[in-house]
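> Starting off with a structure, shown below.
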Amino acid sequence: MVEYGLANRNLDNITEIGVDKIKVFTGHKYLTMVYQLNAGTRRLLWCGMERKTKTLLRFFHKFGKERSLNLKFVCSDMWVPYLKVIRKMAPNALNILDRFHIMKKFNEAIDQIRRGEVKLFKAENQGNVLLNGRWLLLKKPDNLNEKQTTRLGELLKMNLSSIKGYLLREDFQQFWGYKYPAAAEKFLDNWITRALQTNLEPMKKVTQMLH
């Protein structure tokens with residue numbers, strides 16, 4: 001059935017695709033997945049082993065030059081090999097960076113800062129005020145229950161690096177609401193400047209990535 005479907009499917013009029021990777025099997029092994037994202041027709045188009053430049057190139061070679069040039073939008077994460085291939089093979093498409101993956105980078109940075117502070121508390125024999133605080137900082141505020149909201153409010157009053165990272169992330173959320181490119185770019189430039197002035201190295205790495 002799969003072979004029949006692949007042999008008889010129609011690949012015309014595809015103007016929007018998404019590229020992502022999933023971890024499979026054991027260890028750091030991945031599949032590269034390509035989806036059609038056109039409204040009304042969302043489906044898996046192709047998958048290939050690993051997440052290398054040559055992996056995604058194989059998809060575009062199968063997809064064909066003419067179809068690739070007709071692509072208007074490609075949604076992806078910030079994996080550099082993907083970005084390079086998309087830029088080369090789909091030059092007419094707008095490469096949209098997936099919001100989920102951007103916010104994931106923010107959360108990874110905040111969690112790294114939190115772990116560093118917990119180690120510092122332990123080394124200096126201080127009480128761990130961040131005990132069980134991981135998800136308080138990583139969840140969306142709207143997803144916290146009443147008890148968690150109260151606890152987060154207490155943490156926000158403290159001069160902690162974790163809280164500074166959290167507040168930077170929450171401030172950045174304004175970016176998604178902008179409708180005009182010039183206003184969005186101005187906000188992003190100002191946010192990057194403020195973030196780079198902190199001593200939060202994990203957050204600075206996210207800032208450099210955004211820049």
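Here, A, B, ... name the chains of the structure tokens in the order displayed, residue numbers run from 1 inside each chain, and ligands are numbered from 1 in the same displayed order.
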Any idea what's packed within 9 Å of A:Leu168, counting only C-alpha atoms, ignoring anything in its chain fewer than 3 positions away? Could you give it as number ranges by chain?

A: 163-165, 171-173, 191, 194-195, 203

> Take the residues that were just selected and, keeping C-alpha atoms, output them as a PDB file, in the first residue's frame.


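Just written: result26.pdb:
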```
ATOM      1  CA  ILE A 163      14.476  35.033  37.326  1.00  0.00           C
ATOM      2  CA  LYS A 164      16.374  37.519  35.150  1.00  0.00           C
ATOM      3  CA  GLY A 165      16.443  34.907  32.379  1.00  0.00           C
ATOM      4  CA  ASP A 171       9.544  40.197  27.662  1.00  0.00           C
ATOM      5  CA  PHE A 172      10.492  38.646  24.324  1.00  0.00           C
ATOM      6  CA  GLN A 173       6.944  37.270  23.977  1.00  0.00           C
ATOM      7  CA  TRP A 191      15.829  43.320  23.211  1.00  0.00           C
ATOM      8  CA  ARG A 194      19.519  44.546  26.710  1.00  0.00           C
ATOM      9  CA  ALA A 195      20.118  40.795  26.785  1.00  0.00           C
ATOM     10  CA  MET A 203      20.798  33.648  27.335  1.00  0.00           C
TER      11      MET A 203
END
```

> Just want the 9 Å neighbourhood of A:Asn13, counted on only C-alpha atoms, with same-chain residues fewer than 5 positions away dropped. Output as a PyMOL selection string.

chain A and resi 67+70-71

> Could I get the residues of stretch 61-81 of chain A with an atom no further than 10 Å from an atom of stretch 28-49 of chain A, each paired with its nearest atom pair and that distance in Å to one decimal, using only C-alpha atoms, sorted by chain and residue number, as CSV?


```
residue,atom,partner,partner_atom,distance
A:Lys62,CA,A:Trp46,CA,9.4
A:Phe63,CA,A:Trp46,CA,9.4
A:Phe73,CA,A:Leu37,CA,9.0
A:Val74,CA,A:Leu37,CA,8.9
A:Cys75,CA,A:Leu37,CA,8.8
A:Ser76,CA,A:Val34,CA,9.6
```

> Taking N, CA and C atoms for each residue, export the selection above as a tab-separated table (two decimals), in the first residue's frame.


```tsv
chain	number	residue	atom	x	y	z
A	62	LYS	N	14.67	14.70	-5.30
A	62	LYS	CA	13.49	13.90	-5.64
A	62	LYS	C	12.29	14.80	-5.96
A	63	PHE	N	12.18	15.89	-5.23
A	63	PHE	CA	11.06	16.81	-5.39
A	63	PHE	C	11.11	17.52	-6.74
A	73	PHE	N	6.78	29.11	0.99
A	73	PHE	CA	7.10	29.12	2.41
A	73	PHE	C	7.72	27.78	2.81
A	74	VAL	N	8.78	27.85	3.62
A	74	VAL	CA	9.37	26.65	4.21
A	74	VAL	C	9.52	26.93	5.70
A	75	CYS	N	8.90	26.09	6.52
A	75	CYS	CA	8.99	26.24	7.98
A	75	CYS	C	10.01	25.24	8.51
A	76	SER	N	10.93	25.71	9.36
A	76	SER	CA	11.97	24.82	9.88
A	76	SER	C	12.44	25.30	11.24
```

> Enumerate, as number ranges by chain, the complete set of residues in stretch 149-211 of chain A that a backbone-based DSSP assignment places in helix (DSSP H, G or I).

A: 149-155, 161-177, 181-196, 201-210

> Selected residues, C-alpha atoms, written as a PDB file, in the first residue's frame, please.


```pdb
ATOM      1  CA  THR A 149       1.309  30.950  40.481  1.00  0.00           C
ATOM      2  CA  THR A 150       1.718  31.986  44.127  1.00  0.00           C
ATOM      3  CA  ARG A 151       5.117  30.276  44.335  1.00  0.00           C
ATOM      4  CA  LEU A 152       6.268  31.922  41.095  1.00  0.00           C
ATOM      5  CA  GLY A 153       5.197  35.305  42.469  1.00  0.00           C
ATOM      6  CA  GLU A 154       7.474  34.721  45.463  1.00  0.00           C
ATOM      7  CA  LEU A 155      10.417  33.802  43.219  1.00  0.00           C
ATOM      8  CA  SER A 161      19.827  34.945  37.645  1.00  0.00           C
ATOM      9  CA  SER A 162      17.131  32.373  36.833  1.00  0.00           C
ATOM     10  CA  ILE A 163      14.476  35.033  37.326  1.00  0.00           C
ATOM     11  CA  LYS A 164      16.374  37.519  35.150  1.00  0.00           C
ATOM     12  CA  GLY A 165      16.443  34.907  32.379  1.00  0.00           C
ATOM     13  CA  TYR A 166      12.750  34.173  32.897  1.00  0.00           C
ATOM     14  CA  LEU A 167      11.840  37.859  32.663  1.00  0.00           C
ATOM     15  CA  LEU A 168      13.891  38.263  29.485  1.00  0.00           C
ATOM     16  CA  ARG A 169      11.995  35.367  27.924  1.00  0.00           C
ATOM     17  CA  GLU A 170       8.624  36.750  28.958  1.00  0.00           C
ATOM     18  CA  ASP A 171       9.544  40.197  27.662  1.00  0.00           C
ATOM     19  CA  PHE A 172      10.492  38.646  24.324  1.00  0.00           C
ATOM     20  CA  GLN A 173       6.944  37.270  23.977  1.00  0.00           C
ATOM     21  CA  GLN A 174       5.882  40.747  22.826  1.00  0.00           C
ATOM     22  CA  PHE A 175       7.762  40.054  19.590  1.00  0.00           C
ATOM     23  CA  TRP A 176       5.091  37.629  18.348  1.00  0.00           C
ATOM     24  CA  GLY A 177       2.412  40.325  18.483  1.00  0.00           C
ATOM     25  CA  PRO A 181       8.378  44.354  10.129  1.00  0.00           C
ATOM     26  CA  ALA A 182       9.976  47.698  11.038  1.00  0.00           C
ATOM     27  CA  ALA A 183       8.415  47.709  14.514  1.00  0.00           C
ATOM     28  CA  ALA A 184       9.322  44.051  15.058  1.00  0.00           C
ATOM     29  CA  GLU A 185      12.924  44.698  13.985  1.00  0.00           C
ATOM     30  CA  LYS A 186      13.229  47.708  16.309  1.00  0.00           C
ATOM     31  CA  PHE A 187      11.919  45.689  19.253  1.00  0.00           C
ATOM     32  CA  LEU A 188      14.254  42.789  18.453  1.00  0.00           C
ATOM     33  CA  ASP A 189      17.308  45.077  18.223  1.00  0.00           C
ATOM     34  CA  ASN A 190      16.461  46.693  21.576  1.00  0.00           C
ATOM     35  CA  TRP A 191      15.829  43.320  23.211  1.00  0.00           C
ATOM     36  CA  ILE A 192      19.128  41.907  21.917  1.00  0.00           C
ATOM     37  CA  THR A 193      21.027  44.955  23.231  1.00  0.00           C
ATOM     38  CA  ARG A 194      19.519  44.546  26.710  1.00  0.00           C
ATOM     39  CA  ALA A 195      20.118  40.795  26.785  1.00  0.00           C
ATOM     40  CA  LEU A 196      23.768  41.187  25.790  1.00  0.00           C
ATOM     41  CA  GLU A 201      25.847  33.470  29.224  1.00  0.00           C
ATOM     42  CA  PRO A 202      23.222  30.843  28.181  1.00  0.00           C
ATOM     43  CA  MET A 203      20.798  33.648  27.335  1.00  0.00           C
ATOM     44  CA  LYS A 204      23.521  35.467  25.389  1.00  0.00           C
ATOM     45  CA  LYS A 205      23.931  32.375  23.202  1.00  0.00           C
ATOM     46  CA  VAL A 206      20.211  32.483  22.390  1.00  0.00           C
ATOM     47  CA  THR A 207      20.596  36.198  21.640  1.00  0.00           C
ATOM     48  CA  GLN A 208      23.456  35.551  19.227  1.00  0.00           C
ATOM     49  CA  MET A 209      21.395  32.853  17.529  1.00  0.00           C
ATOM     50  CA  LEU A 210      18.497  35.267  17.043  1.00  0.00           C
TER      51      LEU A 210
END
```

> May I have the residues within 7 Å of stretch 77-87 of chain A as an MDAnalysis selection string, using only C-alpha atoms and disregarding those fewer than 6 positions away in the same chain?

chainID A and resid 20 52:53 56:57 97:98 101

> Next, write the just-selected residues to a file, as a CSV table (one decimal), in the first residue's frame, keeping C-alpha atoms as the atom set.


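So out.csv came out as:
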```csv
chain,number,residue,atom,x,y,z
A,20,ASP,CA,11.8,18.8,11.0
A,52,LYS,CA,22.8,16.2,7.5
A,53,THR,CA,23.0,18.5,4.5
A,56,LEU,CA,17.7,17.2,2.9
A,57,LEU,CA,19.4,17.6,-0.5
A,97,LEU,CA,11.7,29.7,11.8
A,98,ASP,CA,9.4,27.6,14.0
A,101,HIS,CA,11.9,25.7,18.5
```

> What is the distance, in Å and to one decimal place, between atom CA of A:Arg134 and atom CA of A:Asp111?

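Taking atom CA of A:Arg134 and atom CA of A:Asp111, their separation equals 7.0 Å.
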
> Taking the backbone alone, and naming residues the way the document does, which bits of chain A are strand (DSSP E) by DSSP, as a PyMOL selection string?

chain A and resi 16-24+29-38+41-49+73-76+94-97

> May I ask which of the residues A:Tyr4, A:Leu130, A:Lys104, A:Ser68 is the closest one to A:Gly116, counting only C-alpha atoms?

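Looking at the shortest contact to A:Gly116, the residue is A:Leu130.
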